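Source file entry.json; content: JSON, C-alpha atoms.
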[["chain", "number", "residue", "atom", "x", "y", "z"],
["A", 484, "MET", "CA", -156.50, 13.59, -105.17],
["A", 485, "HIS", "CA", -154.08, 14.38, -102.29],
["A", 486, "TYR", "CA", -154.44, 13.41, -98.66],
["A", 487, "ARG", "CA", -152.70, 14.95, -95.63],
["A", 488, "ILE", "CA", -152.30, 12.85, -92.51],
["A", 489, "VAL", "CA", -151.71, 14.68, -89.24],
["A", 490, "VAL", "CA", -150.53, 12.69, -86.22],
["A", 491, "GLY", "CA", -150.62, 14.25, -82.77],
["A", 492, "GLY", "CA", -149.05, 13.13, -79.55],
["A", 493, "GLN", "CA", -147.39, 14.32, -76.34],
["A", 494, "LEU", "CA", -143.70, 15.42, -76.47],
["A", 495, "ASN", "CA", -143.07, 15.73, -72.77],
["A", 496, "ASP", "CA", -141.46, 12.31, -72.52],
["A", 497, "ASN", "CA", -139.07, 13.13, -75.38],
["A", 498, "ARG", "CA", -138.15, 16.46, -73.83],
["A", 499, "VAL", "CA", -137.44, 14.82, -70.49],
["A", 500, "LEU", "CA", -135.23, 12.19, -72.15],
["A", 501, "VAL", "CA", -133.27, 14.83, -74.09],
["A", 502, "ASN", "CA", -132.76, 16.94, -70.94],
["A", 503, "GLN", "CA", -131.57, 13.91, -69.00],
["A", 504, "PHE", "CA", -129.09, 13.05, -71.76],
["A", 505, "LYS", "CA", -127.86, 16.65, -71.91],
["A", 506, "HIS", "CA", -127.32, 16.84, -68.15],
["A", 507, "GLY", "CA", -125.60, 13.47, -68.12],
["A", 508, "LEU", "CA", -123.30, 14.58, -70.93],
["A", 509, "LEU", "CA", -122.40, 17.78, -69.08],
["A", 510, "TRP", "CA", -121.39, 15.76, -66.02],
["A", 511, "THR", "CA", -119.57, 12.95, -67.75],
["A", 512, "ALA", "CA", -117.64, 14.99, -70.37],
["A", 513, "PRO", "CA", -115.19, 16.57, -67.84],
["A", 514, "ILE", "CA", -114.73, 13.20, -66.13],
["A", 515, "LEU", "CA", -114.02, 11.53, -69.45],
["A", 516, "LEU", "CA", -111.56, 14.30, -70.38],
["A", 517, "ILE", "CA", -109.72, 14.00, -67.05],
["A", 518, "PHE", "CA", -109.63, 10.23, -67.33],
["A", 519, "SER", "CA", -108.36, 10.40, -70.91],
["A", 520, "ALA", "CA", -105.66, 12.92, -69.95],
["A", 521, "ALA", "CA", -104.54, 10.72, -67.03],
["A", 522, "ILE", "CA", -104.37, 7.64, -69.25],
["A", 523, "GLY", "CA", -102.49, 9.62, -71.92],
["A", 524, "PHE", "CA", -100.01, 10.99, -69.35],
["A", 525, "PHE", "CA", -99.41, 7.52, -67.94],
["A", 526, "LEU", "CA", -98.85, 5.96, -71.35],
["A", 527, "SER", "CA", -96.60, 8.80, -72.57],
["A", 528, "THR", "CA", -94.55, 8.75, -69.38],
["A", 529, "ARG", "CA", -94.10, 5.00, -69.61],
["A", 530, "ALA", "CA", -93.18, 5.26, -73.28],
["A", 531, "LEU", "CA", -90.68, 8.11, -72.73],
["A", 532, "ARG", "CA", -89.06, 6.67, -69.58],
["A", 533, "PRO", "CA", -86.37, 4.82, -71.59],
["A", 534, "VAL", "CA", -85.65, 8.04, -73.49],
["A", 535, "ALA", "CA", -85.17, 9.91, -70.20],
["A", 536, "ARG", "CA", -82.71, 7.23, -69.01],
["A", 537, "LEU", "CA", -80.78, 7.52, -72.26],
["A", 538, "ILE", "CA", -80.60, 11.31, -71.97],
["A", 539, "ALA", "CA", -79.33, 11.06, -68.39],
["A", 540, "SER", "CA", -76.70, 8.50, -69.41],
["A", 541, "VAL", "CA", -75.51, 10.58, -72.36],
["A", 542, "ARG", "CA", -75.09, 13.66, -70.14],
["A", 543, "LEU", "CA", -72.74, 11.69, -67.87],
["A", 544, "ILE", "CA", -70.39, 10.80, -70.71],
["A", 545, "SER", "CA", -67.46, 13.15, -71.36],
["A", 546, "ILE", "CA", -63.99, 13.04, -72.90],
["A", 547, "GLY", "CA", -62.64, 11.65, -69.65],
["A", 548, "ASN", "CA", -64.99, 8.65, -69.39],
["A", 549, "LEU", "CA", -65.67, 7.47, -72.92],
["A", 550, "SER", "CA", -65.60, 3.91, -71.62],
["A", 551, "ARG", "CA", -69.14, 4.40, -70.29],
["A", 552, "ARG", "CA", -71.95, 2.97, -72.37],
["A", 553, "LEU", "CA", -75.66, 3.62, -72.62],
["A", 554, "PRO", "CA", -77.89, 1.10, -70.80],
["A", 555, "ALA", "CA", -78.98, -1.74, -73.03],
["A", 556, "LEU", "CA", -82.64, -1.76, -74.07],
["A", 557, "HIS", "CA", -84.42, -4.92, -75.12],
["A", 558, "SER", "CA", -87.54, -3.25, -76.45],
["A", 559, "GLY", "CA", -87.12, -4.54, -79.98],
["A", 560, "ASP", "CA", -87.96, -1.15, -81.47],
["A", 561, "GLU", "CA", -86.12, 1.90, -82.82],
["A", 562, "LEU", "CA", -84.89, 2.88, -79.33],
["A", 563, "GLU", "CA", -82.93, -0.36, -79.03],
["A", 564, "ALA", "CA", -81.37, 0.25, -82.45],
["A", 565, "LEU", "CA", -80.54, 3.84, -81.48],
["A", 566, "THR", "CA", -78.87, 2.69, -78.23],
["A", 567, "GLU", "CA", -76.77, 0.10, -80.03],
["A", 568, "THR", "CA", -75.73, 2.68, -82.65],
["A", 569, "CYS", "CA", -74.73, 5.20, -79.97],
["A", 570, "ASN", "CA", -72.68, 2.58, -78.11],
["A", 571, "GLU", "CA", -70.89, 1.63, -81.30],
["A", 572, "MET", "CA", -70.13, 5.30, -81.93],
["A", 573, "LEU", "CA", -68.80, 5.68, -78.36],
["A", 574, "ALA", "CA", -66.55, 2.68, -78.88],
["A", 575, "ARG", "CA", -65.10, 4.26, -82.03],
["A", 576, "LEU", "CA", -64.62, 7.58, -80.23],
["A", 577, "GLU", "CA", -62.92, 5.84, -77.31],
["A", 578, "THR", "CA", -60.52, 4.10, -79.68],
["A", 579, "ALA", "CA", -59.74, 7.32, -81.57],
["A", 580, "VAL", "CA", -59.22, 9.41, -78.42],
["A", 581, "GLY", "CA", -57.07, 6.65, -76.93],
["A", 582, "GLN", "CA", -54.88, 6.60, -80.02],
["A", 583, "ILE", "CA", -54.49, 10.39, -79.95],
["A", 584, "THR", "CA", -53.70, 10.35, -76.24],
["A", 585, "ARG", "CA", -51.11, 7.61, -76.61],
["A", 586, "PHE", "CA", -49.56, 9.39, -79.58],
["A", 587, "THR", "CA", -49.35, 12.65, -77.62],
["A", 588, "ALA", "CA", -47.78, 10.92, -74.63],
["A", 589, "ASP", "CA", -45.35, 8.86, -76.74],
["A", 590, "ALA", "CA", -44.36, 11.82, -78.92],
["A", 591, "SER", "CA", -43.83, 14.06, -75.91],
["A", 592, "HIS", "CA", -41.75, 11.39, -74.18],
["A", 593, "GLU", "CA", -39.63, 10.64, -77.25],
["A", 594, "LEU", "CA", -38.98, 14.32, -77.98],
["A", 595, "ARG", "CA", -37.61, 14.94, -74.51],
["A", 596, "SER", "CA", -34.40, 13.00, -75.19],
["A", 597, "PRO", "CA", -33.24, 14.97, -78.28],
["A", 598, "ILE", "CA", -34.21, 18.27, -76.66],
["A", 599, "SER", "CA", -32.26, 17.34, -73.54],
["A", 600, "TYR", "CA", -29.29, 16.42, -75.72],
["A", 601, "ILE", "CA", -29.45, 19.76, -77.57],
["A", 602, "TYR", "CA", -29.74, 21.60, -74.27],
["A", 603, "THR", "CA", -26.75, 19.76, -72.77],
["A", 604, "GLN", "CA", -24.54, 20.34, -75.80],
["A", 605, "SER", "CA", -25.44, 24.02, -75.99],
["A", 606, "GLU", "CA", -24.80, 24.50, -72.29],
["A", 607, "TYR", "CA", -21.43, 22.73, -72.61],
["A", 608, "ALA", "CA", -20.46, 24.93, -75.55],
["A", 609, "LEU", "CA", -21.34, 28.10, -73.63],
["A", 610, "LYS", "CA", -19.34, 27.10, -70.58],
["A", 611, "ASN", "CA", -16.33, 25.40, -72.10],
["A", 612, "LEU", "CA", -15.71, 26.59, -75.66],
["A", 613, "PRO", "CA", -14.23, 29.90, -76.78],
["A", 614, "LEU", "CA", -17.11, 31.51, -78.64],
["A", 615, "GLU", "CA", -17.63, 34.81, -80.33],
["A", 616, "GLU", "CA", -20.30, 37.08, -78.92],
["A", 617, "GLU", "CA", -22.71, 36.31, -81.77],
["A", 618, "SER", "CA", -22.22, 32.53, -81.38],
["A", 619, "ALA", "CA", -22.66, 32.73, -77.64],
["A", 620, "GLU", "CA", -25.94, 34.60, -78.14],
["A", 621, "CYS", "CA", -27.12, 31.90, -80.56],
["A", 622, "PHE", "CA", -26.38, 29.16, -78.04],
["A", 623, "SER", "CA", -28.15, 31.16, -75.33],
["A", 624, "GLN", "CA", -31.19, 31.42, -77.56],
["A", 625, "ILE", "CA", -31.06, 27.67, -78.16],
["A", 626, "LEU", "CA", -31.04, 27.09, -74.39],
["A", 627, "ARG", "CA", -34.08, 29.32, -73.92],
["A", 628, "GLU", "CA", -35.98, 27.57, -76.70],
["A", 629, "CYS", "CA", -35.09, 24.16, -75.26],
["A", 630, "GLU", "CA", -36.41, 25.22, -71.85],
["A", 631, "GLU", "CA", -39.69, 26.38, -73.40],
["A", 632, "ALA", "CA", -39.98, 23.21, -75.47],
["A", 633, "THR", "CA", -39.34, 21.06, -72.39],
["A", 634, "ALA", "CA", -42.03, 22.94, -70.47],
["A", 635, "LEU", "CA", -44.46, 22.44, -73.37],
["A", 636, "LEU", "CA", -43.71, 18.71, -73.53],
["A", 637, "ASN", "CA", -44.24, 18.37, -69.79],
["A", 638, "ASP", "CA", -47.60, 20.14, -70.13],
["A", 639, "MET", "CA", -48.60, 17.85, -72.99],
["A", 640, "LEU", "CA", -47.67, 14.80, -70.93],
["A", 641, "THR", "CA", -49.77, 16.12, -68.07],
["A", 642, "LEU", "CA", -52.79, 16.61, -70.34],
["A", 643, "ALA", "CA", -52.25, 13.17, -71.88],
["A", 644, "ARG", "CA", -52.47, 11.67, -68.38],
["A", 645, "CYS", "CA", -55.55, 13.79, -67.80],
["A", 646, "ASP", "CA", -57.28, 12.43, -70.92],
["A", 647, "SER", "CA", -56.33, 8.85, -70.13],
["A", 648, "GLY", "CA", -57.76, 9.14, -66.62],
["A", 649, "HIS", "CA", -54.41, 8.39, -64.92],
["A", 650, "SER", "CA", -53.59, 11.47, -62.89],
["A", 651, "GLY", "CA", -50.83, 9.84, -60.85],
["A", 652, "MET", "CA", -51.88, 11.92, -57.83],
["A", 653, "THR", "CA", -51.74, 10.75, -54.24],
["A", 654, "PHE", "CA", -54.31, 12.47, -52.04],
["A", 655, "THR", "CA", -53.34, 13.13, -48.45],
["A", 656, "ARG", "CA", -54.42, 15.52, -45.73],
["A", 657, "THR", "CA", -52.67, 18.72, -46.81],
["A", 658, "ASN", "CA", -52.20, 22.11, -45.20],
["A", 659, "LEU", "CA", -53.38, 24.62, -47.81],
["A", 660, "LYS", "CA", -51.69, 27.49, -46.00],
["A", 661, "GLY", "CA", -48.35, 25.65, -46.21],
["A", 662, "ILE", "CA", -48.78, 25.18, -49.96],
["A", 663, "LEU", "CA", -49.43, 28.88, -50.44],
["A", 664, "ASP", "CA", -46.39, 29.77, -48.29],
["A", 665, "ASP", "CA", -44.17, 27.62, -50.53],
["A", 666, "VAL", "CA", -45.54, 29.14, -53.75],
["A", 667, "TYR", "CA", -45.27, 32.65, -52.33],
["A", 668, "LEU", "CA", -41.59, 32.19, -51.41],
["A", 669, "ARG", "CA", -40.87, 30.80, -54.88],
["A", 670, "ALA", "CA", -42.64, 33.66, -56.68],
["A", 671, "ALA", "CA", -41.33, 36.51, -54.51],
["A", 672, "PRO", "CA", -37.94, 36.87, -56.32],
["A", 673, "LEU", "CA", -39.66, 36.80, -59.71],
["A", 674, "ALA", "CA", -42.08, 39.56, -58.68],
["A", 675, "LYS", "CA", -39.23, 41.55, -57.15],
["A", 676, "SER", "CA", -37.32, 41.42, -60.44],
["A", 677, "LYS", "CA", -40.26, 43.24, -62.04],
["A", 678, "GLN", "CA", -40.54, 45.64, -59.09],
["A", 679, "GLN", "CA", -43.99, 44.28, -58.30],
["A", 680, "SER", "CA", -45.62, 44.18, -54.89],
["A", 681, "LEU", "CA", -46.52, 40.60, -53.90],
["A", 682, "THR", "CA", -48.43, 39.98, -50.67],
["A", 683, "LEU", "CA", -49.86, 36.92, -48.92],
["A", 684, "GLU", "CA", -52.82, 37.36, -46.59],
["A", 685, "VAL", "CA", -54.52, 34.68, -44.50],
["A", 686, "ASP", "CA", -57.51, 35.18, -42.24],
["A", 687, "ARG", "CA", -56.18, 32.87, -39.55],
["A", 688, "HIS", "CA", -52.85, 31.37, -38.52],
["A", 689, "GLU", "CA", -54.10, 27.83, -37.90],
["A", 690, "PRO", "CA", -53.55, 25.24, -40.64],
["A", 691, "THR", "CA", -56.27, 24.91, -43.27],
["A", 692, "TRP", "CA", -56.60, 21.22, -44.07],
["A", 693, "ILE", "CA", -57.88, 19.83, -47.35],
["A", 694, "MET", "CA", -57.56, 16.50, -49.12],
["A", 695, "GLY", "CA", -55.18, 16.96, -52.00],
["A", 696, "ASP", "CA", -51.96, 16.13, -53.82],
["A", 697, "PRO", "CA", -49.33, 18.67, -52.64],
["A", 698, "PRO", "CA", -47.20, 18.76, -55.84],
["A", 699, "SER", "CA", -50.29, 19.26, -58.00],
["A", 700, "LEU", "CA", -51.63, 21.98, -55.72],
["A", 701, "ARG", "CA", -48.28, 23.79, -55.85],
["A", 702, "ARG", "CA", -48.41, 23.60, -59.64],
["A", 703, "LEU", "CA", -51.97, 24.91, -59.69],
["A", 704, "PHE", "CA", -51.15, 28.00, -57.64],
["A", 705, "TRP", "CA", -47.85, 28.52, -59.41],
["A", 706, "ILE", "CA", -49.61, 28.62, -62.79],
["A", 707, "LEU", "CA", -52.06, 31.25, -61.56],
["A", 708, "LEU", "CA", -49.37, 33.29, -59.81],
["A", 709, "ASP", "CA", -46.92, 33.04, -62.71],
["A", 710, "ASN", "CA", -49.59, 34.33, -65.09],
["A", 711, "ALA", "CA", -50.34, 37.22, -62.72],
["A", 712, "ILE", "CA", -46.65, 38.19, -62.68],
["A", 713, "LYS", "CA", -46.32, 37.87, -66.46],
["A", 714, "TYR", "CA", -49.32, 40.01, -67.31],
["A", 715, "THR", "CA", -48.91, 42.66, -64.62],
["A", 716, "PRO", "CA", -46.72, 45.64, -65.55],
["A", 717, "ILE", "CA", -43.73, 46.94, -63.62],
["A", 718, "ASP", "CA", -44.67, 48.42, -60.21],
["A", 719, "GLY", "CA", -47.90, 46.42, -60.31],
["A", 720, "GLU", "CA", -49.62, 44.83, -57.32],
["A", 721, "ILE", "CA", -50.37, 41.14, -56.84],
["A", 722, "SER", "CA", -52.03, 39.62, -53.79],
["A", 723, "ILE", "CA", -52.76, 36.12, -52.54],
["A", 724, "ARG", "CA", -55.56, 35.78, -50.01],
["A", 725, "LEU", "CA", -56.73, 32.68, -48.16],
["A", 726, "ARG", "CA", -60.20, 32.83, -46.63],
["A", 727, "THR", "CA", -61.69, 30.03, -44.55],
["A", 728, "GLY", "CA", -65.29, 29.77, -43.48],
["A", 729, "GLY", "CA", -67.35, 26.79, -42.41],
["A", 730, "SER", "CA", -66.36, 23.78, -44.51],
["A", 731, "GLU", "CA", -64.85, 25.78, -47.37],
["A", 732, "ALA", "CA", -61.50, 27.41, -48.06],
["A", 733, "CYS", "CA", -61.19, 30.03, -50.80],
["A", 734, "VAL", "CA", -58.01, 31.36, -52.39],
["A", 735, "ASP", "CA", -58.00, 34.63, -54.35],
["A", 736, "ILE", "CA", -55.09, 35.60, -56.60],
["A", 737, "LYS", "CA", -55.61, 39.21, -57.62],
["A", 738, "ASP", "CA", -53.56, 41.51, -59.87],
["A", 739, "ASN", "CA", -53.91, 44.92, -61.50],
["A", 740, "GLY", "CA", -52.51, 43.79, -64.84],
["A", 741, "ILE", "CA", -53.79, 44.01, -68.40],
["A", 742, "GLY", "CA", -56.93, 42.00, -67.66],
["A", 743, "ILE", "CA", -58.87, 39.69, -69.95],
["A", 744, "PRO", "CA", -61.45, 40.80, -72.54],
["A", 745, "GLN", "CA", -65.01, 39.80, -71.68],
["A", 746, "ASP", "CA", -65.41, 37.83, -74.91],
["A", 747, "ALA", "CA", -62.37, 35.69, -74.01],
["A", 748, "LEU", "CA", -63.40, 34.74, -70.46],
["A", 749, "SER", "CA", -65.48, 31.78, -71.60],
["A", 750, "ASN", "CA", -62.49, 30.30, -73.48],
["A", 751, "ILE", "CA", -59.69, 31.16, -71.08],
["A", 752, "PHE", "CA", -59.42, 27.60, -69.71],
["A", 753, "GLY", "CA", -59.34, 26.02, -73.16],
["A", 754, "ARG", "CA", -56.25, 24.24, -74.42],
["A", 755, "PHE", "CA", -53.80, 26.30, -76.46],
["A", 756, "TYR", "CA", -56.10, 29.32, -76.12],
["A", 757, "ARG", "CA", -54.30, 32.61, -75.77],
["A", 758, "VAL", "CA", -55.70, 36.12, -75.91],
["A", 759, "ASP", "CA", -54.12, 37.92, -78.88],
["A", 760, "ARG", "CA", -53.04, 40.84, -76.76],
["A", 761, "ALA", "CA", -51.26, 38.52, -74.32],
["A", 762, "ARG", "CA", -49.07, 37.06, -77.07],
["A", 763, "THR", "CA", -47.16, 40.30, -77.37],
["A", 764, "LEU", "CA", -46.45, 40.50, -73.64],
["A", 765, "ALA", "CA", -45.37, 37.01, -72.62],
["A", 766, "GLU", "CA", -44.45, 33.73, -74.20],
["A", 767, "GLY", "CA", -46.36, 30.60, -73.36],
["A", 768, "SER", "CA", -48.03, 27.51, -74.74],
["A", 769, "GLY", "CA", -51.60, 28.32, -73.76],
["A", 770, "LEU", "CA", -51.82, 25.11, -71.72],
["A", 771, "GLY", "CA", -51.24, 26.48, -68.22],
["A", 772, "LEU", "CA", -54.79, 27.47, -67.34],
["A", 773, "SER", "CA", -56.25, 24.28, -68.81],
["A", 774, "ILE", "CA", -53.91, 22.28, -66.57],
["A", 775, "ALA", "CA", -54.90, 24.46, -63.60],
["A", 776, "LYS", "CA", -58.58, 23.77, -64.34],
["A", 777, "TRP", "CA", -57.90, 20.05, -64.58],
["A", 778, "ILE", "CA", -56.06, 20.01, -61.23],
["A", 779, "SER", "CA", -58.90, 22.00, -59.69],
["A", 780, "ASP", "CA", -61.52, 19.58, -61.01],
["A", 781, "ILE", "CA", -59.56, 16.54, -59.76],
["A", 782, "HIS", "CA", -59.57, 18.15, -56.30],
["A", 783, "ARG", "CA", -63.29, 18.94, -56.62],
["A", 784, "GLY", "CA", -62.46, 22.62, -56.49],
["A", 785, "ASP", "CA", -64.28, 25.46, -58.17],
["A", 786, "LEU", "CA", -61.94, 27.63, -60.27],
["A", 787, "SER", "CA", -63.36, 30.86, -61.69],
["A", 788, "VAL", "CA", -62.11, 34.20, -62.97],
["A", 789, "LYS", "CA", -63.33, 37.78, -62.95],
["A", 790, "SER", "CA", -61.49, 40.29, -65.07],
["A", 791, "SER", "CA", -61.71, 43.71, -66.70],
["A", 792, "GLU", "CA", -59.35, 45.07, -69.33],
["A", 793, "ASN", "CA", -56.70, 47.46, -68.01],
["A", 794, "ILE", "CA", -58.02, 46.95, -64.46],
["A", 795, "GLY", "CA", -56.90, 43.46, -63.53],
["A", 796, "SER", "CA", -58.01, 39.92, -62.84],
["A", 797, "ILE", "CA", -59.08, 37.83, -59.86],
["A", 798, "PHE", "CA", -58.70, 34.07, -60.06],
["A", 799, "GLN", "CA", -60.68, 32.40, -57.30],
["A", 800, "ILE", "CA", -60.62, 28.75, -56.30],
["A", 801, "SER", "CA", -62.51, 27.10, -53.46],
["A", 802, "PHE", "CA", -61.96, 23.73, -51.79],
["A", 803, "GLY", "CA", -63.80, 21.69, -49.23],
["A", 804, "THR", "CA", -61.93, 21.52, -45.94],
["A", 805, "THR", "CA", -61.47, 18.66, -43.48],
["A", 806, "ASN", "CA", -61.60, 18.80, -39.71],
["A", 807, "ALA", "CA", -58.38, 19.78, -38.01],
["A", 808, "GLY", "CA", -56.60, 17.64, -35.51]]
Any chance you could give the structure as structure tokens?
Amino acid sequence: MHYRIVVGGQLNDNRVLVNQFKHGLLWTAPILLIFSAAIGFFLSTRALRPVARLIASVRLISIGNLSRRLPALHSGDELEALTETCNEMLARLETAVGQITRFTADASHELRSPISYIYTQSEYALKNLPLEEESAECFSQILRECEEATALLNDMLTLARCDSGHSGMTFTRTNLKGILDDVYLRAAPLAKSKQQSLTLEVDRHEPTWIMGDPPSLRRLFWILLDNAIKYTPIDGEISIRLRTGGSEACVDIKDNGIGIPQDALSNIFGRFYRVDRARTLAEGSGLGLSIAKWISDIHRGDLSVKSSENIGSIFQISFGTTNAG
């Protein structure tokens, strides 16, 4: 025999309780989500703060300041081990770069003596010995090669000082217009020999004062102007323009020469980089523009180039000026 038991009761209280729980959940869920997100953001930010400091420190390290080290962490975790490993790697890199720099400087210095001796002996033979035309031409070629080798060694010594952080520059209050006048007078005969038009234009006659090392600034502008003369054809036009406005002075060196291919512009200031087409037109080591960029950076200048093939190039460099008087 089977029995069925039926129990009856009111459900209003249960429905009210369920509705209250549902409404409470709808109100508290967003608050709990916001609170959880805030706690998560705080914890993640605190955990990643040492990583952000490491990233900032790494970005400040370059070939010129390998002596810098990452800040020491005493967290006792993988970040501390990573920092110590990176500092050890930087120490090895600093030692290796230092050895290469010293070797470059020492080799360049030691090679100058034999090259000077070869140059002196060849010059003596040309001036004082009876030589056949073919022998005289050989000695003349030796003299030209010695001059190019000496220029290359001087450039290598300059870059070695650049890498070691010893520029040897003495910054004084310098008249930029006077520097450009000197370089213009030096380059004028060279441009005239190629029947090129060389002009110097300044927007005002008052001195333009900057803080700089005069010999280095002359070398900077000579490198840019010498390149313009080399890579501009006969009857070409080259101009130097000095513009001053506010607290900035800008120098433009413009030519209508062979120009630079667009794919080479990003590498033009690299060491020993030469555009293939330029090799057939002028001899050089490929170090001039890298030295110019280094001098510009030391003076906190901004050196840039705009160029189009068969149209010409504009090298532009800007400096911060100082008050006159």
Inset, instruction - With a distance cut-off of 12 Å and all atoms listed in the file, select the neighbouring residues of A:Pro716, excluding the residue or stretch itself and same-chain residues fewer than 4 positions from it, and output the selection as a ChimeraX atom specification. - result: /A:674-680,710-712,720-721,738-742,764-765,793-795
Legend entry - Which residue of A:Arg498, A:Arg656, A:Arg529, A:Arg783 approaches A:Met694 most closely, using all atoms listed in the file: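 Smallest separation from A:Met694 among the options: A:Arg656.
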Inset, instruction - Report the distance between atom CA of A:Thr633 and atom CA of A:Gln604 in Å, rounded to one decimal place. - result: 15.2 Å
Inset, instruction - Compile the contact shell of stretch 797-801 of chain A as a ChimeraX atom specification: residues with an atom at most 12 Å away, counting only C-alpha atoms, same-chain residues fewer than 2 positions apart removed. - result: /A:659,693,700,703-704,706-708,710-711,721-728,730-743,748,751-752,772,775-776,778-780,782-792,794-795,803-804
Legend entry - Shell of 10 Å around A:Asp665, all atoms listed in the file, local chain residues under 4 positions omitted, as a list in words: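 Near A:Asp665, the qualifying residues are Lys660, Gly661, Arg669, Ala670, Arg701, Phe704 and Trp705 of chain A.
Distances here use all atoms listed in the file; by that measure, the residue among A:Gly719, A:Pro533, A:Gly581, A:Pro697 closest to A:Ser558 is A:Pro533.
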Inset, instruction - Using atom CA of A:Leu573 and atom CA of A:Ser545 as the two end points, give the distance in Å to one decimal. - result: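 We find that atom CA of A:Leu573 and atom CA of A:Ser545 lie 10.3 Å from each other.
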Exercise on stretch 501-509 of chain A, axis-aligned box with 5 Å per side, report centre and edge lengths in Å to one decimal, as JSON:
{"center_x": -127.8, "center_y": 15.4, "center_z": -71.1, "size_x": 20.9, "size_y": 14.7, "size_z": 16.0}
Inset, instruction - Identify which of the residues A:Phe518, A:Phe504, A:Phe525, A:Phe622 lies closest to A:Lys610, counting only C-alpha atoms when measuring atom-to-atom distances. - result: A:Phe622
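For the pair atom CA of A:Leu636 and atom CA of A:Arg595, the separation is 7.2 Å.
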Inset, instruction - Counting only C-alpha atoms, figure out which residue out of A:Trp510, A:Arg687, A:Ala632, A:Val489 gets nearest to A:Ser596. - result: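 Closest to A:Ser596 of all the choices is A:Ala632.
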Inset, instruction - Give me the residues within 12 Å of A:Tyr607 as JSON, numbers by chain, counting all atoms listed in the file and dropping any in the same chain fewer than 6 places off. - result: {"A": [600, 601, 613, 614, 619, 622, 623, 626]}
